[in-house]
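Notes follow the structure.
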Amino acid sequence: MNGFQLQADAYRKAAEQGKITQEQADKECKVFDFLATCDDEDICNLFNSSAFNEIAKSYMRLAVRELADEGVIDEEQATAVRNRYSLLFDEKRAQEVI
């Protein structure tokens, strides 16, 4: 049993206990049950599919914006990080960066 299967089981248990609806549990379990069947290569291929690119880039933009707002990095550095990050998505596959 892997972590994804444990997550699915936890959602099923939460539904049984009435902490969440069965519909919520089914939605979450659908994803975690699928991920439980995937190996590392499958996970990398999911990421390479670009299905998660905008989400990952949004996290990065938020982190860079917060660092700039806090004065940790300046705007020129923030721009450099955003540009490099976007470029890496085009140049590297997930298998190469992990």
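Residues are named by chain letter and number: chains run A, B, ... in the order of the structure tokens, numbers start at 1 in each chain, and ligands are numbered from 1 in the order shown.
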Within 8 Å of stretch 29-44 of chain A using only C-alpha atoms, minus same-chain residues under 4 positions, as a ChimeraX atom specification: /A:2-5,7-9,11-12,25,48,93-95
Taking C-alpha atoms for each residue, export the selection above as a PDB file, in the first residue's frame.
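So out33.pdb came out as:
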```
ATOM      1  CA  ASN A   2       1.343   3.431  -0.908  1.00  0.00           C
ATOM      2  CA  GLY A   3       0.576   6.942   0.280  1.00  0.00           C
ATOM      3  CA  PHE A   4      -2.027   7.523  -2.415  1.00  0.00           C
ATOM      4  CA  GLN A   5      -3.948   4.419  -1.340  1.00  0.00           C
ATOM      5  CA  GLN A   7      -5.228   8.934   1.258  1.00  0.00           C
ATOM      6  CA  ALA A   8      -8.084   7.237  -0.587  1.00  0.00           C
ATOM      7  CA  ASP A   9      -8.776   5.035   2.420  1.00  0.00           C
ATOM      8  CA  TYR A  11     -11.396   9.796   2.532  1.00  0.00           C
ATOM      9  CA  ARG A  12     -13.548   6.655   2.537  1.00  0.00           C
ATOM     10  CA  ALA A  25     -15.048  11.152  -0.905  1.00  0.00           C
ATOM     11  CA  ASN A  48       5.020  16.205 -18.628  1.00  0.00           C
ATOM     12  CA  ARG A  93      11.220  16.771 -18.773  1.00  0.00           C
ATOM     13  CA  ALA A  94      10.162  15.843 -15.260  1.00  0.00           C
ATOM     14  CA  GLN A  95      12.420  12.773 -15.286  1.00  0.00           C
TER      15      GLN A  95
END
```
Secondary structure check, alpha helix (DSSP H) residues of chain A, as a PyMOL selection string: chain A and resi 3-16+22-36+40-48+53-69+75-91+94-97
Distance table requested - stretch 25-54 of chain A against stretch 67-89 of chain A, cut-off 12 Å, only C-alpha atoms: one row per qualifying residue with the closest atom pair and its distance in Å to one decimal, ordered by chain and rising residue number, as CSV.
```
residue,atom,partner,partner_atom,distance
A:Phe47,CA,A:Phe89,CA,10.2
A:Asn48,CA,A:Phe89,CA,8.7
A:Ser49,CA,A:Phe89,CA,11.0
A:Ser50,CA,A:Phe89,CA,8.9
A:Phe52,CA,A:Phe89,CA,11.0
A:Asn53,CA,A:Phe89,CA,7.9
A:Glu54,CA,A:Ser86,CA,10.2
```
Residues just named, written with all heavy atoms as an mmCIF file, in the first residue's frame:
```
data_model
loop_
_atom_site.group_PDB
_atom_site.id
_atom_site.type_symbol
_atom_site.label_atom_id
_atom_site.label_comp_id
_atom_site.auth_asym_id
_atom_site.auth_seq_id
_atom_site.Cartn_x
_atom_site.Cartn_y
_atom_site.Cartn_z
ATOM 1 N N PHE A 47 2.971 14.768 -15.243
ATOM 2 C CA PHE A 47 3.453 16.147 -15.153
ATOM 3 C C PHE A 47 3.881 16.653 -16.519
ATOM 4 O O PHE A 47 3.573 17.783 -16.891
ATOM 5 C CB PHE A 47 4.609 16.254 -14.157
ATOM 6 C CG PHE A 47 4.904 17.678 -13.782
ATOM 7 C CD1 PHE A 47 4.207 18.303 -12.777
ATOM 8 C CD2 PHE A 47 5.872 18.398 -14.464
ATOM 9 C CE1 PHE A 47 4.456 19.631 -12.443
ATOM 10 C CE2 PHE A 47 6.135 19.714 -14.148
ATOM 11 C CZ PHE A 47 5.424 20.331 -13.126
ATOM 12 N N ASN A 48 4.569 15.817 -17.285
ATOM 13 C CA ASN A 48 5.020 16.205 -18.628
ATOM 14 C C ASN A 48 3.857 16.491 -19.574
ATOM 15 O O ASN A 48 4.033 17.183 -20.575
ATOM 16 C CB ASN A 48 5.914 15.124 -19.238
ATOM 17 C CG ASN A 48 7.265 15.048 -18.575
ATOM 18 O OD1 ASN A 48 7.765 16.018 -18.025
ATOM 19 N ND2 ASN A 48 7.864 13.868 -18.612
ATOM 20 N N SER A 49 2.699 15.972 -19.256
ATOM 21 C CA SER A 49 1.532 16.174 -20.125
ATOM 22 C C SER A 49 1.100 17.631 -20.177
ATOM 23 O O SER A 49 0.301 18.009 -21.013
ATOM 24 C CB SER A 49 0.352 15.321 -19.633
ATOM 25 O OG SER A 49 -0.212 15.906 -18.464
ATOM 26 N N SER A 50 1.624 18.438 -19.298
ATOM 27 C CA SER A 50 1.327 19.858 -19.141
ATOM 28 C C SER A 50 0.020 20.110 -18.404
ATOM 29 O O SER A 50 -0.389 21.247 -18.242
ATOM 30 C CB SER A 50 1.373 20.630 -20.467
ATOM 31 O OG SER A 50 0.207 20.405 -21.220
ATOM 32 N N PHE A 52 -0.490 20.070 -15.385
ATOM 33 C CA PHE A 52 -0.252 20.758 -14.112
ATOM 34 C C PHE A 52 0.617 22.007 -14.260
ATOM 35 O O PHE A 52 0.928 22.660 -13.276
ATOM 36 C CB PHE A 52 0.395 19.798 -13.117
ATOM 37 C CG PHE A 52 -0.375 18.517 -12.976
ATOM 38 C CD1 PHE A 52 0.084 17.355 -13.560
ATOM 39 C CD2 PHE A 52 -1.577 18.484 -12.281
ATOM 40 C CE1 PHE A 52 -0.636 16.172 -13.455
ATOM 41 C CE2 PHE A 52 -2.301 17.309 -12.170
ATOM 42 C CZ PHE A 52 -1.823 16.153 -12.757
ATOM 43 N N ASN A 53 1.013 22.328 -15.489
ATOM 44 C CA ASN A 53 1.930 23.451 -15.696
ATOM 45 C C ASN A 53 1.411 24.758 -15.124
ATOM 46 O O ASN A 53 2.128 25.471 -14.424
ATOM 47 C CB ASN A 53 2.239 23.640 -17.175
ATOM 48 C CG ASN A 53 3.174 22.582 -17.723
ATOM 49 O OD1 ASN A 53 3.462 21.590 -17.063
ATOM 50 N ND2 ASN A 53 3.626 22.792 -18.929
ATOM 51 N N GLU A 54 0.190 25.100 -15.428
ATOM 52 C CA GLU A 54 -0.330 26.393 -14.969
ATOM 53 C C GLU A 54 -0.458 26.441 -13.448
ATOM 54 O O GLU A 54 -0.232 27.486 -12.839
ATOM 55 C CB GLU A 54 -1.651 26.726 -15.649
ATOM 56 C CG GLU A 54 -1.487 27.105 -17.107
ATOM 57 C CD GLU A 54 -0.407 28.165 -17.346
ATOM 58 O OE1 GLU A 54 -0.428 29.224 -16.684
ATOM 59 O OE2 GLU A 54 0.471 27.933 -18.194
#
```
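For the pair atom CA of A:Arg65 and atom CA of A:Ala51, the separation is 23.2 Å.
Separating atom CA of A:Lys27 from atom CA of A:Ala10 is a distance of 12.9 Å.
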Atomic separation - atom CA of A:Glu91 relative to atom CA of A:Leu46, Å: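 Atom-to-atom, atom CA of A:Leu46 to atom CA of A:Glu91, that is 16.6 Å.
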